[in-house]
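For reference, the structure is listed below as structure tokens.
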Amino acid sequence: MKKIIEGKAYVLGDDIDTDQIIPAEHLVYSLSDPEERKNYGRTALSGVPTEGAGLPEGGQPFVKEGRTESEYRIIVGGRNFGCGSSREHAPACLDIAGIEAVVAESYARIFYRNSVDGGFFIPFESPVPLVQEIKTGDELRIDVEAGTLTNLASGKTWTMKSLGEVIEIIEAGDIFAYARKTGMIPG
Amino acid sequence: MGMTITEKILAAHAGAATVKPGDNIWVDVDVLMTHDVCGPGTIGIFKNQFGEQAKVWNQDKVVIIPDHFVFTADPHAKRNLEILREFVSEQKLPHFYDAGTDNYKGVCHIALAQEGHNRPGEILFGTDSHTCTSGAFGMFSTGIGNTDAAFIMGTGKIWVKVPETMRFEFNGTFPPYIMAKDILLQVIGDIGVDGATYRAMEWAGDAVMKFSMEERMTLCNMAIEAGGKSAIIEADEVTADYVKKRTDKPFKIYHSDADAGYYFKKTYNADEMQPMVAKPHSPDNKALVGDVSDVKIDRSYIGSCTGGKVTDFRAAAQIIQGRKVKVDTFIVPATREVEADLHKEKIGDKSLAQIFEDAGASLGEPSCAACLGGPKDTFGRANGKEVVVSTTNRNFPGRMGSKQSQVYLASPYTAAASALTGRITDPREFLN
């Protein structure tokens, strides 16, 4: 587990659903083939309506035309992030695009669980809405052990909600590593 | 304190006498279902974690139902079906409803019920968020991702956080123009798209228990649109009759205790329910049908796990019979069984299929089809700025294809009435 996560923020609103994160027409690609899976990086967040893509201005593509990786490392979201489908392609596509953490006010449960069990990135919960506090492109710094988020652009720091019991799975890496560590399945 | 049905089922599968909300437990899984969109990814993780030669924990408990991208020329979608075939053959899995064969069924949640895989008291996980549909059978069922599915495939177990239960009780009698879909849209509108996050939604009351299994499935189907982990309806004779016709496997009926703890309880008067829609672009954006009757539509879509069962088409046909549709109308039966019923069931001397065809509607092949957009050549997909009234479950931006389209979720009655007028229409205009 990385102790410090740093990088540019990409800011989104409330109820970002899995069809916005990865529209269904793209779900045909292999997640295991190293070349083919890059399609998920290319199309990550391509379903977000233009006005909501990269707040506050909007109209900022998450991944630039012709690229498979995003320049952003941390997503800042509102309430109910990842609602909708159980498609694991949703957290996977953000991971493939280079996302290392999502900080949202709250999550839909399957997306949250998939993020943790699949070991894609850490889904942090913010204590207050951050959508007004952070702009797309701001440099952020997350101290994972301290559970703090700092906006290097404004100098403001927030203590995020505790990760609770899932910290054990996050520390192990994913649900398989956790199960091996705890003897649930043979090492 | 007593337990809810959900808590009792989870306790029984964790080998515990009792569980309480918030407990993290490991449960034994009775059925794991996957389909063509998430099956290949699940298989990939399973092999990566347990080895190329690994065998699934129990062949009889794995059910594979291709349904999403079946009728498309997309080469990747076709390749994904091949991955499922190879895996089924290598693992000798008995429950595979392969596309392009006589054994093809269609939409997984309806096929699970029709093929006897839904049994009261059991635990079913599926790689699809609408797996909560199976809760209509008094069982615990929920959607998971590929990683959790691969874990179950190898071990037969998974961790679950015991959810709190919210109880929605409907007493009295629903008016004849009201369907389960109206009730759902009312409740989701009341509690919001995250109103049941991490919780189980228990549907109860004498009005609910008068529903057929199909209507009960509709009611449980959209728990996920309120953020719910699962939905449940206590099994009764209606459930037992349905299940016994479709499987010889034993099952166990659980009841919630009178002193069970609930996070929330709300009682509705069934007689007061009104036809509802969810306006774009959220399932909780509720409105009375009567309040949006000035909205012109370009398309009516009747199908999916939510609104593509025989009861849904019977309702639609009741309104459409003897009339012509004014806008493009798509009829997509959820499964082959529903499709066969469209030809078998009659109103007067015409089959439901004949009624739709005579009215000028288009009938598609059983599958998820345009409910989730899908590849560009998908039947009924919104490819432009269409305003659609749909019996499906989600109206997120771009859900049915184009980001410019606008989707109003409604009951089959409302979708059918709207097809006849070209605007969102209260079914009471056509029902006596």
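Each chain in the structure tokens gets a letter, A, B and so on, in the order shown; residues start at 1 in every chain, and ligands are counted from 1 in the order they appear.
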What's around B:Met213 at 9 Å? Count only C-alpha atoms, leave out sequence neighbours fewer than 3 positions away in its own chain, and write the answer as an MDAnalysis selection string. chainID B and resid 136:137 216:218 238:239 242
Using N, CA, C and O atoms, can you write the selected residues to a file as a PDB file, in the first residue's frame?
ATOM      1  N   ALA B 136     -37.396 -11.713  -4.543  1.00  0.00           N
ATOM      2  CA  ALA B 136     -38.845 -11.934  -4.627  1.00  0.00           C
ATOM      3  C   ALA B 136     -39.226 -13.329  -4.167  1.00  0.00           C
ATOM      4  O   ALA B 136     -40.377 -13.595  -3.859  1.00  0.00           O
ATOM      5  N   PHE B 137     -38.235 -14.238  -4.139  1.00  0.00           N
ATOM      6  CA  PHE B 137     -38.488 -15.629  -3.750  1.00  0.00           C
ATOM      7  C   PHE B 137     -38.164 -15.884  -2.276  1.00  0.00           C
ATOM      8  O   PHE B 137     -38.011 -17.028  -1.859  1.00  0.00           O
ATOM      9  N   ARG B 216     -43.835  -9.391  -8.113  1.00  0.00           N
ATOM     10  CA  ARG B 216     -42.929  -9.366  -6.957  1.00  0.00           C
ATOM     11  C   ARG B 216     -41.475  -9.200  -7.430  1.00  0.00           C
ATOM     12  O   ARG B 216     -40.671  -8.539  -6.783  1.00  0.00           O
ATOM     13  N   MET B 217     -41.171  -9.840  -8.559  1.00  0.00           N
ATOM     14  CA  MET B 217     -39.802  -9.705  -9.095  1.00  0.00           C
ATOM     15  C   MET B 217     -39.529  -8.261  -9.518  1.00  0.00           C
ATOM     16  O   MET B 217     -38.438  -7.736  -9.298  1.00  0.00           O
ATOM     17  N   THR B 218     -40.521  -7.624 -10.123  1.00  0.00           N
ATOM     18  CA  THR B 218     -40.355  -6.215 -10.500  1.00  0.00           C
ATOM     19  C   THR B 218     -40.055  -5.379  -9.257  1.00  0.00           C
ATOM     20  O   THR B 218     -39.157  -4.532  -9.253  1.00  0.00           O
ATOM     21  N   VAL B 238     -47.838 -18.761  -3.048  1.00  0.00           N
ATOM     22  CA  VAL B 238     -47.630 -18.329  -4.444  1.00  0.00           C
ATOM     23  C   VAL B 238     -46.192 -18.655  -4.859  1.00  0.00           C
ATOM     24  O   VAL B 238     -45.936 -19.189  -5.942  1.00  0.00           O
ATOM     25  N   THR B 239     -45.265 -18.357  -3.958  1.00  0.00           N
ATOM     26  CA  THR B 239     -43.846 -18.631  -4.226  1.00  0.00           C
ATOM     27  C   THR B 239     -43.617 -20.133  -4.360  1.00  0.00           C
ATOM     28  O   THR B 239     -42.978 -20.601  -5.311  1.00  0.00           O
ATOM     29  N   TYR B 242     -44.839 -21.643  -7.581  1.00  0.00           N
ATOM     30  CA  TYR B 242     -43.986 -21.284  -8.724  1.00  0.00           C
ATOM     31  C   TYR B 242     -42.713 -22.136  -8.705  1.00  0.00           C
ATOM     32  O   TYR B 242     -42.304 -22.697  -9.722  1.00  0.00           O
TER      33      TYR B 242
END
Could you list, with a cut-off of 8 Å and counting only C-alpha atoms, the residues of chain B near chain A, each shown with its nearest atom pair and the distance in Å rounded to one decimal, rows sorted by chain and ascending number, as a tab-separated table?
residue	atom	partner	partner_atom	distance
B:Val37	CA	A:Leu27	CA	6.6
B:Cys38	CA	A:Arg87	CA	6.9
B:Pro40	CA	A:Ser30	CA	7.6
B:Gly41	CA	A:Leu31	CA	6.1
B:Gly44	CA	A:Ser32	CA	6.5
B:Gln49	CA	A:Phe176	CA	7.6
B:His76	CA	A:Val28	CA	5.5
B:Ala77	CA	A:Val28	CA	5.3
B:Asn80	CA	A:Val28	CA	7.3
B:Thr127	CA	A:Ser86	CA	6.3
B:Asp128	CA	A:Ser86	CA	5.2
B:Ser129	CA	A:Ser86	CA	4.8
B:His130	CA	A:Ser85	CA	7.9
B:Gly143	CA	A:Ser86	CA	6.0
B:Ile144	CA	A:Ser86	CA	5.6
B:Gly145	CA	A:Glu88	CA	5.0
B:Asn146	CA	A:Glu88	CA	6.0
B:Thr147	CA	A:Gly118	CA	5.6
B:Asp148	CA	A:Asp117	CA	7.0
B:Phe151	CA	A:Phe176	CA	7.3
B:Thr155	CA	A:Ile185	CA	7.7
B:Val193	CA	A:Asn80	CA	7.9
B:Asp194	CA	A:Asn80	CA	6.3
B:Thr197	CA	A:Ala108	CA	6.5
B:Tyr198	CA	A:Arg109	CA	6.0
B:Ile224	CA	A:Gly84	CA	7.0
B:Glu225	CA	A:Gly84	CA	6.7
B:Gly227	CA	A:Ala108	CA	6.1
B:Lys229	CA	A:Arg109	CA	7.2
B:Leu372	CA	A:Ala24	CA	6.3
B:Gly373	CA	A:Ala24	CA	6.4
B:Gly374	CA	A:Glu25	CA	4.2
B:Pro375	CA	A:Glu25	CA	4.6
B:Lys376	CA	A:Glu25	CA	7.3
B:Phe396	CA	A:Asp17	CA	7.3
B:Pro397	CA	A:Gln20	CA	7.1
B:Gly398	CA	A:Gly47	CA	6.7
B:Arg399	CA	A:Asp19	CA	6.1
B:Lys403	CA	A:Pro49	CA	7.0
Kindly save the residues from that selection, with C-alpha atoms included, as a PDB file, in the first residue's frame.
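New file selection-v1.pdb:
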ATOM      1  CA  VAL B  37     -20.341  -9.236 -19.792  1.00  0.00           C
ATOM      2  CA  CYS B  38     -18.770 -10.247 -16.478  1.00  0.00           C
ATOM      3  CA  PRO B  40     -14.983 -13.664 -19.028  1.00  0.00           C
ATOM      4  CA  GLY B  41     -13.428 -11.288 -16.474  1.00  0.00           C
ATOM      5  CA  GLY B  44      -9.753 -14.654 -15.938  1.00  0.00           C
ATOM      6  CA  GLN B  49      -5.766 -16.826  -8.590  1.00  0.00           C
ATOM      7  CA  HIS B  76     -15.364  -8.832 -29.064  1.00  0.00           C
ATOM      8  CA  ALA B  77     -18.855  -9.706 -27.821  1.00  0.00           C
ATOM      9  CA  ASN B  80     -16.677 -13.340 -24.996  1.00  0.00           C
ATOM     10  CA  THR B 127     -22.306 -10.485 -11.393  1.00  0.00           C
ATOM     11  CA  ASP B 128     -25.134  -8.123 -12.152  1.00  0.00           C
ATOM     12  CA  SER B 129     -26.588  -5.428  -9.954  1.00  0.00           C
ATOM     13  CA  HIS B 130     -30.180  -6.508 -10.650  1.00  0.00           C
ATOM     14  CA  GLY B 143     -24.879  -8.217  -7.183  1.00  0.00           C
ATOM     15  CA  ILE B 144     -21.098  -8.490  -7.031  1.00  0.00           C
ATOM     16  CA  GLY B 145     -18.094  -7.760  -9.242  1.00  0.00           C
ATOM     17  CA  ASN B 146     -15.757 -10.121 -11.069  1.00  0.00           C
ATOM     18  CA  THR B 147     -13.280 -10.408  -8.190  1.00  0.00           C
ATOM     19  CA  ASP B 148     -15.869 -11.489  -5.630  1.00  0.00           C
ATOM     20  CA  PHE B 151     -13.499 -15.809  -5.121  1.00  0.00           C
ATOM     21  CA  THR B 155     -14.154 -21.280  -2.506  1.00  0.00           C
ATOM     22  CA  VAL B 193     -31.174   6.927  -5.177  1.00  0.00           C
ATOM     23  CA  ASP B 194     -29.035   6.369  -2.097  1.00  0.00           C
ATOM     24  CA  THR B 197     -27.519   2.181   0.489  1.00  0.00           C
ATOM     25  CA  TYR B 198     -26.030  -0.887   2.220  1.00  0.00           C
ATOM     26  CA  ILE B 224     -30.363  -1.263  -6.451  1.00  0.00           C
ATOM     27  CA  GLU B 225     -31.746   1.978  -7.897  1.00  0.00           C
ATOM     28  CA  GLY B 227     -28.745   1.880  -3.454  1.00  0.00           C
ATOM     29  CA  LYS B 229     -27.909  -4.283  -1.212  1.00  0.00           C
ATOM     30  CA  LEU B 372     -28.210  -0.603 -21.251  1.00  0.00           C
ATOM     31  CA  GLY B 373     -27.445   0.764 -24.689  1.00  0.00           C
ATOM     32  CA  GLY B 374     -24.800  -1.741 -25.690  1.00  0.00           C
ATOM     33  CA  PRO B 375     -23.104  -2.104 -29.085  1.00  0.00           C
ATOM     34  CA  LYS B 376     -24.339   0.316 -31.770  1.00  0.00           C
ATOM     35  CA  PHE B 396     -28.936   7.738 -16.286  1.00  0.00           C
ATOM     36  CA  PRO B 397     -27.388   9.968 -18.983  1.00  0.00           C
ATOM     37  CA  GLY B 398     -26.585   7.750 -21.980  1.00  0.00           C
ATOM     38  CA  ARG B 399     -27.923   4.588 -20.342  1.00  0.00           C
ATOM     39  CA  LYS B 403     -26.025  10.868 -24.112  1.00  0.00           C
TER      40      LYS B 403
END
Based on DSSP run over this structure's backbone, return all residues of stretch 12-187 of chain A in alpha helix (DSSP H), as a PyMOL selection string. chain A and resi 18-21+38-43+89-96+109-117+167-172+175-181
May I have the selected residues written with N, CA, C and O atoms, as a compact mmCIF listing (two decimals), in the first residue's frame?
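The file below, out.txt, is the result:
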# COMPACT_ATOMS: atom_id res chain seq x y z
N THR A 18 -22.28 4.11 -13.03
CA THR A 18 -21.30 3.27 -13.75
C THR A 18 -21.44 3.38 -15.27
O THR A 18 -20.50 3.08 -15.99
N ASP A 19 -22.61 3.81 -15.75
CA ASP A 19 -22.74 4.04 -17.20
C ASP A 19 -21.97 5.28 -17.62
O ASP A 19 -21.51 5.38 -18.75
N GLN A 20 -21.84 6.24 -16.72
CA GLN A 20 -21.01 7.41 -17.02
C GLN A 20 -19.53 7.05 -16.90
O GLN A 20 -18.70 7.54 -17.65
N ILE A 21 -19.22 6.19 -15.93
CA ILE A 21 -17.82 5.81 -15.71
C ILE A 21 -17.31 4.98 -16.90
O ILE A 21 -16.22 5.21 -17.42
N LYS A 38 -6.26 -1.71 -22.40
CA LYS A 38 -6.00 -0.26 -22.49
C LYS A 38 -7.21 0.50 -23.02
O LYS A 38 -7.34 1.70 -22.82
N ASN A 39 -8.10 -0.23 -23.74
CA ASN A 39 -9.34 0.40 -24.21
C ASN A 39 -10.16 0.97 -23.04
O ASN A 39 -10.91 1.93 -23.22
N TYR A 40 -10.02 0.34 -21.88
CA TYR A 40 -10.76 0.84 -20.72
C TYR A 40 -10.18 2.17 -20.22
O TYR A 40 -10.92 3.03 -19.75
N GLY A 41 -8.87 2.32 -20.35
CA GLY A 41 -8.27 3.61 -20.00
C GLY A 41 -8.72 4.69 -20.97
O GLY A 41 -9.09 5.79 -20.59
N ARG A 42 -8.78 4.32 -22.23
CA ARG A 42 -9.15 5.26 -23.29
C ARG A 42 -10.58 5.78 -23.10
O ARG A 42 -10.88 6.94 -23.37
N THR A 43 -11.48 4.90 -22.62
CA THR A 43 -12.90 5.27 -22.56
C THR A 43 -13.40 5.56 -21.15
O THR A 43 -14.60 5.81 -20.95
N HIS A 89 -15.67 -3.43 -14.35
CA HIS A 89 -14.99 -2.61 -15.36
C HIS A 89 -14.94 -1.14 -14.90
O HIS A 89 -14.09 -0.39 -15.37
N ALA A 90 -15.86 -0.73 -14.01
CA ALA A 90 -15.91 0.69 -13.60
C ALA A 90 -14.69 1.06 -12.74
O ALA A 90 -13.92 1.94 -13.13
N PRO A 91 -14.47 0.40 -11.58
CA PRO A 91 -13.22 0.73 -10.87
C PRO A 91 -11.98 0.35 -11.69
O PRO A 91 -10.97 1.03 -11.63
N ALA A 92 -12.08 -0.75 -12.45
CA ALA A 92 -10.92 -1.18 -13.24
C ALA A 92 -10.51 -0.11 -14.25
O ALA A 92 -9.32 0.17 -14.41
N CYS A 93 -11.48 0.52 -14.92
CA CYS A 93 -11.11 1.49 -15.97
C CYS A 93 -10.44 2.72 -15.35
O CYS A 93 -9.54 3.31 -15.95
N LEU A 94 -10.87 3.08 -14.13
CA LEU A 94 -10.22 4.23 -13.47
C LEU A 94 -8.78 3.87 -13.11
O LEU A 94 -7.85 4.67 -13.29
N ASP A 95 -8.60 2.65 -12.63
CA ASP A 95 -7.26 2.15 -12.30
C ASP A 95 -6.37 2.12 -13.55
O ASP A 95 -5.24 2.60 -13.54
N ILE A 96 -6.93 1.58 -14.63
CA ILE A 96 -6.16 1.47 -15.88
C ILE A 96 -5.78 2.86 -16.40
O ILE A 96 -4.70 3.06 -16.94
N ARG A 109 -22.73 0.84 -2.88
CA ARG A 109 -22.01 -0.23 -2.20
C ARG A 109 -21.25 -1.20 -3.10
O ARG A 109 -20.17 -1.65 -2.76
N ILE A 110 -21.79 -1.54 -4.27
CA ILE A 110 -21.07 -2.54 -5.09
C ILE A 110 -19.77 -1.92 -5.63
O ILE A 110 -18.73 -2.57 -5.63
N PHE A 111 -19.85 -0.67 -6.05
CA PHE A 111 -18.64 0.00 -6.56
C PHE A 111 -17.58 0.07 -5.46
O PHE A 111 -16.40 -0.20 -5.71
N TYR A 112 -18.01 0.43 -4.26
CA TYR A 112 -17.07 0.54 -3.13
C TYR A 112 -16.41 -0.81 -2.86
O TYR A 112 -15.20 -0.93 -2.75
N ARG A 113 -17.25 -1.82 -2.81
CA ARG A 113 -16.77 -3.17 -2.53
C ARG A 113 -15.82 -3.66 -3.62
O ARG A 113 -14.77 -4.24 -3.34
N ASN A 114 -16.19 -3.42 -4.89
CA ASN A 114 -15.33 -3.82 -6.00
C ASN A 114 -13.98 -3.11 -5.94
O ASN A 114 -12.94 -3.71 -6.23
N SER A 115 -14.00 -1.83 -5.57
CA SER A 115 -12.74 -1.06 -5.49
C SER A 115 -11.80 -1.69 -4.47
O SER A 115 -10.60 -1.80 -4.70
N VAL A 116 -12.37 -2.10 -3.34
CA VAL A 116 -11.57 -2.66 -2.24
C VAL A 116 -11.18 -4.10 -2.54
O VAL A 116 -9.99 -4.46 -2.50
N ASP A 117 -12.17 -4.95 -2.85
CA ASP A 117 -11.88 -6.38 -3.04
C ASP A 117 -10.98 -6.61 -4.25
O ASP A 117 -10.17 -7.54 -4.26
N ILE A 167 -9.83 -1.65 5.87
CA ILE A 167 -8.40 -1.32 5.84
C ILE A 167 -7.55 -2.59 5.77
O ILE A 167 -6.51 -2.62 5.13
N GLU A 168 -8.05 -3.66 6.41
CA GLU A 168 -7.29 -4.92 6.39
C GLU A 168 -7.17 -5.49 4.98
O GLU A 168 -6.14 -6.04 4.61
N ILE A 169 -8.25 -5.38 4.20
CA ILE A 169 -8.20 -5.87 2.82
C ILE A 169 -7.34 -4.93 1.97
O ILE A 169 -6.52 -5.38 1.16
N ILE A 170 -7.47 -3.62 2.21
CA ILE A 170 -6.68 -2.64 1.46
C ILE A 170 -5.19 -2.86 1.74
O ILE A 170 -4.37 -2.87 0.81
N GLU A 171 -4.85 -3.08 3.00
CA GLU A 171 -3.43 -3.30 3.35
C GLU A 171 -2.89 -4.58 2.73
O GLU A 171 -1.75 -4.64 2.28
N ALA A 172 -3.73 -5.62 2.71
CA ALA A 172 -3.29 -6.89 2.12
C ALA A 172 -3.11 -6.76 0.60
O ALA A 172 -2.27 -7.42 0.01
N ILE A 175 -8.91 -8.94 -2.01
CA ILE A 175 -9.61 -9.94 -1.21
C ILE A 175 -8.87 -11.28 -1.20
O ILE A 175 -8.88 -12.00 -0.19
N PHE A 176 -8.20 -11.61 -2.29
CA PHE A 176 -7.46 -12.88 -2.33
C PHE A 176 -6.26 -12.83 -1.39
O PHE A 176 -6.01 -13.77 -0.63
N ALA A 177 -5.51 -11.73 -1.46
CA ALA A 177 -4.34 -11.59 -0.59
C ALA A 177 -4.77 -11.59 0.88
O ALA A 177 -4.12 -12.21 1.74
N TYR A 178 -5.89 -10.95 1.16
CA TYR A 178 -6.41 -10.91 2.53
C TYR A 178 -6.80 -12.32 2.99
O TYR A 178 -6.48 -12.73 4.10
N ALA A 179 -7.48 -13.06 2.12
CA ALA A 179 -7.93 -14.40 2.47
C ALA A 179 -6.74 -15.35 2.69
O ALA A 179 -6.77 -16.22 3.55
N ARG A 180 -5.68 -15.14 1.93
CA ARG A 180 -4.48 -15.98 2.10
C ARG A 180 -3.78 -15.62 3.40
O ARG A 180 -3.33 -16.49 4.15
N LYS A 181 -3.73 -14.32 3.67
CA LYS A 181 -3.07 -13.84 4.88
C LYS A 181 -3.77 -14.36 6.14
O LYS A 181 -3.13 -14.70 7.13
Skipping near chain neighbours, those fewer than 2 positions away, what residues fall within 12 Å of B:Tyr177 using only C-alpha atoms, listed as a PyMOL selection string? chain B and resi 173-175+179-183+270-276+289+315-316+318-319+411-414+417+426-432
Where does DSSP see strand (DSSP E or B) in stretch 61-149 of chain A, if you list the residues as a PyMOL selection string? chain A and resi 74-76+81+83+101-104+107+122-125+139-143+148-149
